[in-house]
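Participant: Sharing target09.tsv here; it has TSV, C-alpha atoms.
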```
chain	number	residue	atom	x	y	z
A	15	GLY	CA	11.96	3.44	31.04
A	16	THR	CA	8.40	3.89	29.79
A	17	LEU	CA	6.66	6.61	27.80
A	18	ALA	CA	4.27	7.16	30.71
A	19	GLY	CA	7.21	7.73	33.03
A	20	ALA	CA	8.84	10.18	30.63
A	21	LEU	CA	5.61	12.17	30.29
A	22	GLN	CA	5.20	12.41	34.05
A	23	PHE	CA	8.79	13.62	34.37
A	24	HIS	CA	8.40	16.38	31.76
A	25	PHE	CA	4.92	17.71	32.54
A	26	ASP	CA	3.47	19.05	35.77
A	27	GLU	CA	-0.06	18.12	34.75
A	28	LEU	CA	-1.50	15.24	32.73
A	29	SER	CA	-5.01	13.87	32.35
A	30	ASP	CA	-5.91	10.75	34.32
A	31	ALA	CA	-8.96	9.83	32.24
A	32	ALA	CA	-7.18	6.73	30.89
A	33	GLY	CA	-6.08	5.55	34.33
A	34	GLN	CA	-2.93	5.85	36.38
A	35	LEU	CA	-0.92	3.52	34.14
A	36	ARG	CA	-1.49	5.68	31.04
A	37	PRO	CA	-1.36	9.30	32.24
A	38	GLY	CA	-2.31	11.72	29.48
A	39	ILE	CA	-2.29	9.17	26.69
A	40	VAL	CA	-5.31	9.59	24.42
A	41	HIS	CA	-4.15	7.60	21.41
A	42	ARG	CA	-1.61	4.89	22.11
A	43	LEU	CA	0.57	2.70	19.89
A	44	ASP	CA	1.43	-0.98	20.14
A	45	ARG	CA	4.71	-1.77	21.84
A	46	ASP	CA	7.54	-1.44	19.27
A	47	THR	CA	5.42	0.60	16.83
A	48	SER	CA	7.06	3.98	16.24
A	49	GLY	CA	5.49	7.29	15.38
A	50	VAL	CA	3.12	10.03	16.51
A	51	LEU	CA	0.59	9.70	19.31
A	52	VAL	CA	-1.72	12.05	21.21
A	53	VAL	CA	-1.32	13.19	24.84
A	54	ALA	CA	-3.69	15.44	26.84
A	55	LYS	CA	-2.67	17.60	29.81
A	56	ASN	CA	-6.13	17.72	31.41
A	57	ASN	CA	-9.29	15.61	31.51
A	58	GLN	CA	-11.49	18.08	29.64
A	59	VAL	CA	-9.21	18.07	26.62
A	60	HIS	CA	-8.76	14.31	26.95
A	61	HIS	CA	-12.52	13.69	26.74
A	62	ARG	CA	-12.95	16.04	23.77
A	63	LEU	CA	-10.14	14.34	21.88
A	64	SER	CA	-11.45	10.88	22.77
A	65	SER	CA	-14.85	11.87	21.37
A	66	GLN	CA	-13.26	12.64	18.01
A	67	PHE	CA	-11.69	9.17	17.98
A	68	GLU	CA	-14.99	7.55	18.92
A	69	ARG	CA	-16.82	9.41	16.14
A	70	ARG	CA	-14.09	8.34	13.67
A	71	GLU	CA	-13.26	11.95	12.86
A	72	VAL	CA	-9.52	11.46	13.38
A	73	ARG	CA	-7.51	10.57	10.28
A	74	LYS	CA	-4.48	8.35	10.88
A	75	GLU	CA	-1.83	7.27	8.39
A	76	TYR	CA	0.70	4.51	9.03
A	77	ARG	CA	3.56	3.15	6.97
A	78	ALA	CA	4.35	-0.56	6.88
A	79	ILE	CA	6.68	-3.00	5.14
A	80	VAL	CA	5.01	-6.36	4.62
A	81	TRP	CA	6.12	-9.73	3.31
A	82	GLY	CA	5.19	-10.63	-0.25
A	83	SER	CA	3.49	-8.75	-3.08
A	84	VAL	CA	0.07	-7.40	-2.12
A	85	GLU	CA	-2.44	-8.23	-4.85
A	86	PHE	CA	-4.17	-4.88	-5.34
A	87	ASP	CA	-2.68	-1.38	-5.50
A	88	SER	CA	-5.36	-0.21	-3.04
A	89	ASP	CA	-8.29	-1.81	-1.25
A	90	TYR	CA	-10.44	-1.90	1.89
A	91	ILE	CA	-10.14	-4.63	4.49
A	92	GLU	CA	-13.38	-5.06	6.43
A	93	THR	CA	-13.54	-7.79	9.08
A	94	TRP	CA	-14.64	-8.57	12.61
A	95	MET	CA	-11.99	-9.00	15.30
A	96	ARG	CA	-11.78	-10.43	18.80
A	97	VAL	CA	-9.22	-11.70	21.30
A	98	HIS	CA	-7.67	-14.96	20.11
A	99	PRO	CA	-9.41	-17.83	21.93
A	100	ALA	CA	-6.18	-19.74	22.63
A	101	LYS	CA	-3.52	-17.02	22.74
A	102	ARG	CA	-4.84	-14.15	24.83
A	103	GLU	CA	-2.01	-11.78	23.90
A	104	LYS	CA	-3.16	-11.88	20.26
A	105	MET	CA	-6.19	-10.69	18.33
A	106	CYS	CA	-7.77	-12.57	15.43
A	107	VAL	CA	-10.24	-12.17	12.57
A	108	CYS	CA	-13.58	-13.80	13.26
A	109	GLY	CA	-17.23	-13.73	12.29
A	110	PRO	CA	-19.76	-11.34	13.83
A	111	GLY	CA	-20.91	-12.40	17.24
A	112	GLU	CA	-20.21	-12.17	20.94
A	113	ASN	CA	-17.24	-9.90	21.78
A	114	ALA	CA	-16.46	-9.33	18.08
A	115	ARG	CA	-15.93	-5.77	16.89
A	116	GLU	CA	-15.88	-4.37	13.36
A	117	ALA	CA	-12.45	-3.44	11.99
A	118	VAL	CA	-11.88	-1.44	8.78
A	119	THR	CA	-8.57	-0.54	7.13
A	120	PHE	CA	-7.82	1.10	3.79
A	121	TYR	CA	-4.42	0.42	2.27
A	122	GLN	CA	-2.44	1.82	-0.66
A	123	VAL	CA	0.73	0.41	-2.17
A	124	ILE	CA	3.66	2.84	-2.15
A	125	GLU	CA	6.30	0.63	-3.73
A	126	ARG	CA	6.71	-3.03	-4.63
A	127	PHE	CA	9.93	-4.99	-4.17
A	128	HIS	CA	10.93	-8.59	-4.76
A	129	GLY	CA	9.44	-10.33	-1.75
A	130	PHE	CA	8.12	-7.23	0.02
A	131	THR	CA	5.66	-4.35	-0.35
A	132	SER	CA	5.77	-0.86	1.17
A	133	LEU	CA	2.28	0.32	2.16
A	134	ALA	CA	0.37	3.30	3.49
A	135	LEU	CA	-2.32	2.13	5.90
A	136	PHE	CA	-5.36	4.18	6.93
A	137	PRO	CA	-7.31	2.58	9.80
A	138	ARG	CA	-10.95	3.66	9.92
A	139	THR	CA	-11.44	1.95	13.28
A	140	GLY	CA	-9.04	1.66	16.19
A	141	ARG	CA	-9.00	-1.97	17.28
A	142	THR	CA	-6.08	-3.45	19.21
A	143	HIS	CA	-3.40	-4.75	16.79
A	144	GLN	CA	-5.78	-3.98	13.91
A	145	LEU	CA	-3.21	-3.25	11.20
A	146	ARG	CA	-1.01	-6.17	12.17
A	147	VAL	CA	-3.94	-8.58	12.19
A	148	HIS	CA	-5.33	-7.29	8.89
A	149	MET	CA	-2.00	-7.68	7.13
A	150	GLN	CA	-1.66	-11.22	8.46
A	151	HIS	CA	-5.23	-11.90	7.34
A	152	LEU	CA	-4.27	-10.88	3.77
A	153	GLY	CA	-1.35	-13.30	3.90
A	154	HIS	CA	1.19	-10.46	4.06
A	155	PRO	CA	2.27	-10.06	7.70
A	156	ILE	CA	4.27	-7.01	8.66
A	157	ALA	CA	8.00	-7.65	8.48
A	158	ALA	CA	9.70	-8.49	11.79
A	159	ASP	CA	6.37	-8.82	13.61
A	160	ARG	CA	7.06	-11.62	16.11
A	161	LEU	CA	3.46	-11.98	17.25
A	162	TYR	CA	1.78	-12.15	13.85
A	163	GLY	CA	4.62	-13.06	11.51
A	164	GLY	CA	6.73	-15.41	13.62
A	165	ARG	CA	9.99	-13.45	13.36
A	166	ASP	CA	11.20	-10.48	15.39
A	167	GLU	CA	13.93	-9.14	13.12
A	168	LEU	CA	14.89	-8.61	9.50
A	169	LYS	CA	18.46	-9.00	8.32
A	170	LEU	CA	20.10	-7.85	5.12
A	171	SER	CA	20.24	-11.41	3.79
A	172	ASP	CA	16.43	-11.62	4.13
A	173	VAL	CA	15.83	-8.88	1.56
A	174	VAL	CA	18.45	-9.84	-1.05
A	175	PRO	CA	16.97	-12.05	-3.80
A	176	ALA	CA	18.79	-15.32	-4.52
A	177	SER	CA	19.72	-13.99	-7.97
A	178	ARG	CA	21.77	-11.23	-6.32
A	179	ALA	CA	23.11	-13.11	-3.32
A	180	ASP	CA	26.66	-13.08	-4.71
A	181	GLU	CA	26.68	-9.27	-4.40
A	182	LEU	CA	26.51	-9.57	-0.63
A	183	SER	CA	29.72	-10.33	1.24
A	184	SER	CA	29.56	-12.97	3.98
A	185	SER	CA	30.43	-10.34	6.57
A	186	ARG	CA	27.30	-8.34	5.75
A	187	ARG	CA	24.72	-11.13	5.53
A	188	ASN	CA	23.78	-10.77	9.19
A	189	ASP	CA	23.57	-6.97	9.18
A	190	LEU	CA	20.46	-6.13	11.19
A	191	LEU	CA	17.92	-3.92	9.42
A	192	ILE	CA	15.06	-3.80	11.91
A	193	ALA	CA	14.34	-5.64	15.17
A	194	ARG	CA	10.65	-4.82	15.70
A	195	GLN	CA	7.54	-4.76	13.54
A	196	ALA	CA	8.06	-2.50	10.51
A	197	LEU	CA	5.08	-0.31	11.39
A	198	HIS	CA	5.22	3.46	11.84
A	199	ALA	CA	2.47	5.95	12.73
A	200	ARG	CA	3.40	8.66	10.23
A	201	LYS	CA	0.58	11.20	10.49
A	202	ILE	CA	-2.48	12.10	12.53
A	203	GLU	CA	-5.11	14.78	11.82
A	204	PHE	CA	-7.84	16.05	14.13
A	205	GLU	CA	-9.55	19.25	15.28
A	206	HIS	CA	-8.17	21.37	18.09
A	207	PRO	CA	-10.21	20.38	21.19
A	208	GLU	CA	-10.92	24.02	22.06
A	209	GLY	CA	-10.62	26.15	18.92
A	210	GLY	CA	-11.79	23.57	16.39
A	211	GLN	CA	-9.11	24.39	13.82
A	212	PRO	CA	-7.63	21.44	11.89
A	213	LEU	CA	-4.32	20.13	13.24
A	214	VAL	CA	-1.84	17.84	11.49
A	215	PHE	CA	1.12	16.15	13.16
A	216	GLU	CA	3.76	14.04	11.43
A	217	ALA	CA	6.62	11.83	12.60
A	218	PRO	CA	9.47	11.16	10.14
A	219	LEU	CA	10.44	7.57	9.41
A	220	PRO	CA	12.83	6.32	12.10
A	221	GLU	CA	16.33	5.14	11.26
A	222	ASP	CA	15.61	1.40	11.30
A	223	PHE	CA	12.58	1.74	9.05
A	224	GLN	CA	14.45	3.98	6.61
A	225	ARG	CA	17.44	1.61	6.64
A	226	THR	CA	15.15	-1.28	5.68
A	227	LEU	CA	13.62	0.68	2.79
A	228	GLU	CA	17.06	1.67	1.51
A	229	ALA	CA	18.20	-1.96	1.57
A	230	LEU	CA	15.10	-3.01	-0.34
A	231	GLU	CA	15.60	-0.29	-2.94
A	232	LYS	CA	19.23	-1.24	-3.40
A	233	TYR	CA	18.98	-5.02	-3.50
A	234	ALA	CA	15.35	-6.01	-4.11
A	235	GLY	CA	14.65	-3.51	-6.88
A	236	GLU	CA	11.23	-2.15	-7.79
A	237	CYS	CA	8.89	-4.91	-8.91
A	238	ARG	CA	5.93	-3.88	-11.06
```
Please go through the file and, once you have read it, give me the structure as structure tokens.
Facilitator:
Amino acid sequence: GTLAGALQFHFDELSDAAGQLRPGIVHRLDRDTSGVLVVAKNNQVHHRLSSQFERREVRKEYRAIVWGSVEFDSDYIETWMRVHPAKREKMCVCGPGENAREAVTFYQVIERFHGFTSLALFPRTGRTHQLRVHMQHLGHPIAADRLYGGRDELKLSDVVPASRADELSSSRRNDLLIARQALHARKIEFEHPEGGQPLVFEAPLPEDFQRTLEALEKYAGECR
């Protein structure tokens, strides 16, 4: 029931540079984050791809739906991050120092709604949970992010403003929109590890993410 298991089933050969628990996986995603990732079939390719990530030559684009109205239409978030001192499953923003690593994210607003914002996120570094932590740090956690936002689902009643609540029948209030963090790895760009030509891979928005956007567009309206 894991991605690693599915890869091993479908391919005769995978790299083991990342260890036996992550065969072939060069660029991984957080649990419950959808989208495109990178897999290598041998160690030579794996190391060449990893080098591009380390040199920050890989361009990644994510889509997110966050709580609230983000202040600026676009901006950089530059912080230091480390493992949370009390909750080891989480990461946190901190000052520079022991075990802290620099984390940089550029964001751009796609659309504003009443109570939510749709964003494009471009991480310049690849820290664990970076985008989720940075959005929480701004005061706009990703919707349905249990770890950093305190809730693991978004229902239709959550996105309908009070002024339009009478448009929603009681039977539809509990309609589930999304039951995992509203974060999707939409696009990744890098050079072919052997030929050097530019490669671009995209993953369309999954059904739950698209359903959430459609509900926002219908009930929460565009807020400028």
Participant: With distances taken over only C-alpha atoms, which of A:Arg62, A:Arg77, A:Arg146, A:His24 is nearest to Arg200 (chain A)?
Facilitator: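 Result for the nearest residue to Arg200 (chain A): A:Arg77.
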Participant: Counting all atoms listed in the file, select every polymer residue within 8 Å of (3.5, -8.6, 5.8) as defined in the file's coordinates, and provide the selection as a list in words.
Facilitator: Ile79, Val80, Trp81, Gly82, Phe130, Thr131, Met149, Gln150, Gly153, His154, Pro155, Ile156, Ala157 and Gly163 of chain A
Participant: Can you tell me which residues surround Ala229 (chain A) at a distance of at most 10 Å, considering all atoms listed in the file, apart from same-chain residues fewer than 2 positions away, and format the answer as a VMD selection string?
Facilitator: chain A and resid 169 to 171 173 to 174 191 224 to 227 231 to 235
Participant: Quick one: axis-aligned box around all listed atoms of region 198-214 of chain A, 8 Å on every side, centre and edge lengths in Å to one decimal, written as lines of an AutoDock Vina configuration file.
Facilitator:
```
center_x = -3.3
center_y = 14.8
center_z = 16.1
size_x = 33.0
size_y = 38.7
size_z = 27.8
```
Participant: Skipping near chain neighbours, those fewer than 2 positions away, what residues fall within 9 Å of Leu219 (chain A) using only C-alpha atoms, listed as a PyMOL selection string?
Facilitator: chain A and resi 48-49+77+198-200+217+221-224
Participant: Taking 6 positions as the minimum chain separation for residues in the same chain, which residues sit within 7 Å of Ala193 (chain A) when counting all atoms listed in the file? Answer as a list of chain:residue names.
Facilitator: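 After dropping sequence-adjacent residues, the list is A:Ala158, A:Asp166, A:Glu167, A:Leu168.
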Participant: So that I can see what lies close to His61 (chain A), please list as a list in words the residues with an atom at most 10 Å from it, counting only C-alpha atoms and leaving out residues fewer than 6 positions away in the same chain.
Facilitator: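 My list of contacting residues is Ser29, Ala31, Ala32, Val40, Ala54, Phe67 and Pro207 of chain A.
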Participant: Find the residues near Thr93 (chain A): any atom within 12 Å, counting all atoms listed in the file, skip ones fewer than 4 places away on the same chain, and give them as number ranges by chain.
Facilitator: A: 106-111, 114-120, 138-139, 141, 144-145, 147-149, 151-152
Participant: Just give me the gap between CA of Leu63 (chain A) and CA of Asn113 (chain A) in Å, one decimal is fine.
Facilitator: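 CA of Asn113 (chain A) lies at a distance of 25.3 Å from CA of Leu63 (chain A).
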Participant: How many Å separate CA of Phe86 (chain A) from CA of Leu190 (chain A)?
Facilitator: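 Computed distance, CA of Phe86 (chain A) to CA of Leu190 (chain A), equals 29.7 Å.
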Participant: Calculate how many Å separate CA of Met95 (chain A) from CA of Thr142 (chain A), rounding to one decimal.
Facilitator: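 These atoms are spaced 9.0 Å apart.
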Participant: Which is closest to Ser64 (chain A) among A:Pro137, A:Ser177, A:Gly38, A:Val123, if we use only C-alpha atoms?
Facilitator: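 Among the listed residues, A:Gly38 lies closest to Ser64 (chain A).
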Participant: What would region 58-93 of chain A look like with N, CA and C atoms restored, written as a short mmCIF file (atom, residue, chain, number, x, y, z; two decimals), in the coordinates of the input?
Facilitator:
```cif
data_model
loop_
_atom_site.label_atom_id
_atom_site.label_comp_id
_atom_site.auth_asym_id
_atom_site.auth_seq_id
_atom_site.Cartn_x
_atom_site.Cartn_y
_atom_site.Cartn_z
N GLN A 58 -10.53 17.49 30.57
CA GLN A 58 -11.49 18.08 29.64
C GLN A 58 -11.03 17.91 28.21
N VAL A 59 -9.77 18.23 27.96
CA VAL A 59 -9.21 18.07 26.62
C VAL A 59 -9.17 16.58 26.24
N HIS A 60 -8.83 15.75 27.20
CA HIS A 60 -8.76 14.31 26.95
C HIS A 60 -10.11 13.79 26.44
N HIS A 61 -11.20 14.16 27.11
CA HIS A 61 -12.52 13.69 26.74
C HIS A 61 -12.94 14.22 25.37
N ARG A 62 -12.59 15.47 25.07
CA ARG A 62 -12.95 16.04 23.77
C ARG A 62 -12.19 15.34 22.64
N LEU A 63 -10.93 15.05 22.88
CA LEU A 63 -10.14 14.34 21.88
C LEU A 63 -10.66 12.91 21.71
N SER A 64 -10.95 12.25 22.83
CA SER A 64 -11.45 10.88 22.77
C SER A 64 -12.75 10.81 21.97
N SER A 65 -13.58 11.84 22.11
CA SER A 65 -14.85 11.87 21.37
C SER A 65 -14.61 11.89 19.86
N GLN A 66 -13.57 12.61 19.44
CA GLN A 66 -13.26 12.64 18.01
C GLN A 66 -12.84 11.25 17.52
N PHE A 67 -12.07 10.53 18.35
CA PHE A 67 -11.69 9.17 17.98
C PHE A 67 -12.92 8.27 17.91
N GLU A 68 -13.80 8.39 18.88
CA GLU A 68 -14.99 7.55 18.92
C GLU A 68 -15.91 7.81 17.73
N ARG A 69 -15.97 9.07 17.29
CA ARG A 69 -16.82 9.41 16.14
C ARG A 69 -16.10 9.18 14.81
N ARG A 70 -14.90 8.65 14.86
CA ARG A 70 -14.09 8.34 13.67
C ARG A 70 -13.81 9.59 12.84
N GLU A 71 -13.57 10.69 13.53
CA GLU A 71 -13.26 11.95 12.86
C GLU A 71 -11.75 12.18 12.76
N VAL A 72 -10.98 11.33 13.40
CA VAL A 72 -9.52 11.46 13.38
C VAL A 72 -8.97 10.64 12.21
N ARG A 73 -8.11 11.26 11.42
CA ARG A 73 -7.51 10.57 10.28
C ARG A 73 -6.08 10.17 10.66
N LYS A 74 -5.80 8.88 10.53
CA LYS A 74 -4.48 8.35 10.88
C LYS A 74 -3.85 7.68 9.65
N GLU A 75 -2.57 7.91 9.48
CA GLU A 75 -1.83 7.27 8.39
C GLU A 75 -0.61 6.56 8.97
N TYR A 76 -0.46 5.30 8.61
CA TYR A 76 0.70 4.51 9.03
C TYR A 76 1.49 4.10 7.79
N ARG A 77 2.74 3.76 8.01
CA ARG A 77 3.56 3.15 6.97
C ARG A 77 3.97 1.76 7.45
N ALA A 78 4.00 0.81 6.53
CA ALA A 78 4.35 -0.56 6.88
C ALA A 78 5.14 -1.19 5.75
N ILE A 79 5.99 -2.14 6.11
CA ILE A 79 6.68 -3.00 5.14
C ILE A 79 6.19 -4.41 5.42
N VAL A 80 5.60 -5.04 4.41
CA VAL A 80 5.01 -6.36 4.62
C VAL A 80 5.70 -7.39 3.72
N TRP A 81 5.58 -8.64 4.12
CA TRP A 81 6.12 -9.73 3.31
C TRP A 81 5.25 -9.95 2.07
N GLY A 82 5.89 -10.25 0.96
CA GLY A 82 5.19 -10.63 -0.25
C GLY A 82 4.69 -9.46 -1.07
N SER A 83 4.03 -9.77 -2.18
CA SER A 83 3.49 -8.75 -3.08
C SER A 83 1.98 -8.69 -2.90
N VAL A 84 1.50 -7.59 -2.35
CA VAL A 84 0.07 -7.40 -2.12
C VAL A 84 -0.65 -7.35 -3.47
N GLU A 85 -1.78 -8.03 -3.56
CA GLU A 85 -2.44 -8.23 -4.85
C GLU A 85 -2.90 -6.94 -5.50
N PHE A 86 -3.60 -6.09 -4.76
CA PHE A 86 -4.17 -4.88 -5.34
C PHE A 86 -3.35 -3.65 -4.96
N ASP A 87 -3.40 -2.62 -5.81
CA ASP A 87 -2.68 -1.38 -5.50
C ASP A 87 -3.34 -0.63 -4.34
N SER A 88 -4.65 -0.81 -4.17
CA SER A 88 -5.36 -0.21 -3.04
C SER A 88 -6.63 -1.01 -2.80
N ASP A 89 -7.09 -1.04 -1.55
CA ASP A 89 -8.29 -1.81 -1.25
C ASP A 89 -8.71 -1.55 0.20
N TYR A 90 -9.94 -1.93 0.52
CA TYR A 90 -10.44 -1.90 1.89
C TYR A 90 -10.37 -3.31 2.48
N ILE A 91 -10.05 -3.37 3.75
CA ILE A 91 -10.14 -4.63 4.49
C ILE A 91 -11.22 -4.41 5.55
N GLU A 92 -12.28 -5.18 5.48
CA GLU A 92 -13.38 -5.06 6.43
C GLU A 92 -13.62 -6.43 7.07
N THR A 93 -13.39 -6.52 8.37
CA THR A 93 -13.54 -7.79 9.08
C THR A 93 -14.17 -7.54 10.45
#
```
